[in-house]
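J.: To start, I am sharing the structure in question, which I have written as structure tokens.
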Amino acid sequence: MNSPKRRSRFRFRPRGFTLIEVMLALALTGLAASAIFALYRSHQDAYSANVRLMEDQSRLRAAMAVLTSHLRSAGFDPTERAGAGIVSARTDYLYITRDLGGVGSGPHAGTPDGQLTAPGEHIAFCLYGGDTLGMHSGRSGGGSCSGSGQRAVDRPGMGYHQPLADNLAGISFRYFVSDEDGNLEERAPDPISGEVASPGEIRRIDVSLTTVFILRGQERRRLLSETVYLRNMGP
């Protein structure tokens, strides 16, 4: 039979943690915290990217809706006396006219009068300031909106500029005309003047808007395209 003194040799004696054990625990805790933080950052970046993409998409769609709505009215000329149509067509610039109504506030102010002198009957689209989609709306001319990226200048009595979307990387127009068989074919601008020949023959326009933003050092692009048929521009 074992004596009490002999049994006491095997009694558990708590000693605490050694320095190595504490350092190992801290290292593992640090690794776990780093992994959790990295996962959090990844989710935050993904969320921010999705929010930015949705904002850009909404902004582009709103601008495109305004642009295409005006393009569909190109050549509106019920009296066939105003000569409304496409004045200038380039890859990055488009200038159209339409006969919406007479000048003034009388009973016939909203009735097409065979002239292109009322506000909003001259519309031009381009990028100005380098990255802003602008619309020149007025009673004469296309303003300084010339596709050159210059600063927009309002012209009292003639027209004004309205920004439709900013932070754009580009705007592109493609023009299509009818061939002898009635099929649509693309007509490229003149390589020297940049103008599309005989713009009155254009029957379809493809519009593209591109936006660019930087996320985590990488360039992200968003492209929105739309096709517009010009019902007022001939058969």
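Letters A, B, ... mark the chains of the structure tokens in the order given; residue numbers begin at 1 per chain; ligand numbers begin at 1, in order shown.
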Do a neighbour search on A:Glu121 at 7 Å with only C-alpha atoms, toss out local chain neighbours closer than 5 positions, and write the hits as a list in words.

T.: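 The contact residues come out as Thr97, Arg98, Asp99, Leu100, Leu116, Gly138 and Arg139 of chain A.
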
J.: List as a PyMOL selection string the protein and nucleic acid residues near A:Ala89, meaning an atom at most 8 Å away when only C-alpha atoms are counted, but skip any in the same chain fewer than 5 places from it.

T.: chain A and resi 94-95+189+195-196+199

J.: Using only C-alpha atoms, I'd like a table of the residues in stretch 61-101 of chain A that come within 12 Å of stretch 214-231 of chain A; for each, show the closest atom pair and its distance in Å rounded to one decimal, ordered by chain and ascending number, as a tab-separated table.

T.:
```
residue	atom	partner	partner_atom	distance
A:Arg61	CA	A:Leu224	CA	7.6
A:Ala62	CA	A:Leu224	CA	11.0
A:Ala63	CA	A:Leu224	CA	10.3
A:Met64	CA	A:Glu226	CA	7.7
A:Ala65	CA	A:Glu226	CA	9.3
A:Val66	CA	A:Glu226	CA	11.8
A:Leu67	CA	A:Glu226	CA	9.9
A:Thr68	CA	A:Val228	CA	6.6
A:Ser69	CA	A:Val228	CA	8.9
A:His70	CA	A:Val228	CA	10.1
A:Leu71	CA	A:Val228	CA	7.2
A:Arg72	CA	A:Leu230	CA	5.6
A:Ser73	CA	A:Leu230	CA	7.5
A:Ala74	CA	A:Leu230	CA	6.8
A:Gly75	CA	A:Leu230	CA	7.9
A:Phe76	CA	A:Arg231	CA	8.7
A:Asp77	CA	A:Arg231	CA	11.3
A:Gly85	CA	A:Leu230	CA	9.6
A:Ile86	CA	A:Leu230	CA	10.2
A:Ile96	CA	A:Leu230	CA	11.3
A:Arg98	CA	A:Leu230	CA	11.9
```

J.: With distances taken over only C-alpha atoms, which residue among A:Ser58, A:Thr29, A:Thr91, A:Asn232 lies nearest A:Asp190?

T.: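 Checking each candidate against A:Asp190, we get A:Thr91 as the closest.
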
J.: Rank nothing, just name the residue among A:Met23, A:Val51, A:Val207, A:Ile202 nearest to A:Tyr93, using only C-alpha atoms.

T.: A:Val207

J.: Report as a PDB file with N, CA and C atoms, in the first residue's frame: the residues of stretch 62-235 of chain A with a DSSP assignment of alpha helix (DSSP H), based on the backbone of this structure.

T.:
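The result, stored in selection_17.pdb:
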```
ATOM      1  N   ALA A  62     -28.953  57.344 -68.021  1.00  0.00           N
ATOM      2  CA  ALA A  62     -29.693  58.603 -68.006  1.00  0.00           C
ATOM      3  C   ALA A  62     -29.231  59.518 -69.138  1.00  0.00           C
ATOM      4  N   ALA A  63     -27.914  59.618 -69.327  1.00  0.00           N
ATOM      5  CA  ALA A  63     -27.381  60.448 -70.406  1.00  0.00           C
ATOM      6  C   ALA A  63     -27.773  59.896 -71.770  1.00  0.00           C
ATOM      7  N   MET A  64     -27.710  58.573 -71.911  1.00  0.00           N
ATOM      8  CA  MET A  64     -28.063  57.955 -73.183  1.00  0.00           C
ATOM      9  C   MET A  64     -29.540  58.153 -73.501  1.00  0.00           C
ATOM     10  N   ALA A  65     -30.392  58.114 -72.486  1.00  0.00           N
ATOM     11  CA  ALA A  65     -31.825  58.301 -72.704  1.00  0.00           C
ATOM     12  C   ALA A  65     -32.112  59.691 -73.265  1.00  0.00           C
ATOM     13  N   VAL A  66     -31.442  60.709 -72.715  1.00  0.00           N
ATOM     14  CA  VAL A  66     -31.625  62.073 -73.218  1.00  0.00           C
ATOM     15  C   VAL A  66     -31.096  62.187 -74.644  1.00  0.00           C
ATOM     16  N   LEU A  67     -29.911  61.650 -74.865  1.00  0.00           N
ATOM     17  CA  LEU A  67     -29.271  61.749 -76.177  1.00  0.00           C
ATOM     18  C   LEU A  67     -30.113  61.081 -77.263  1.00  0.00           C
ATOM     19  N   THR A  68     -30.524  59.842 -77.032  1.00  0.00           N
ATOM     20  CA  THR A  68     -31.282  59.112 -78.052  1.00  0.00           C
ATOM     21  C   THR A  68     -32.662  59.714 -78.278  1.00  0.00           C
ATOM     22  N   SER A  69     -33.249  60.277 -77.208  1.00  0.00           N
ATOM     23  CA  SER A  69     -34.555  60.919 -77.371  1.00  0.00           C
ATOM     24  C   SER A  69     -34.472  62.082 -78.344  1.00  0.00           C
ATOM     25  N   HIS A  70     -33.425  62.880 -78.227  1.00  0.00           N
ATOM     26  CA  HIS A  70     -33.245  64.005 -79.150  1.00  0.00           C
ATOM     27  C   HIS A  70     -32.894  63.509 -80.557  1.00  0.00           C
ATOM     28  N   LEU A  71     -32.081  62.467 -80.642  1.00  0.00           N
ATOM     29  CA  LEU A  71     -31.692  61.977 -81.968  1.00  0.00           C
ATOM     30  C   LEU A  71     -32.897  61.499 -82.760  1.00  0.00           C
TER      31      LEU A  71
END
```
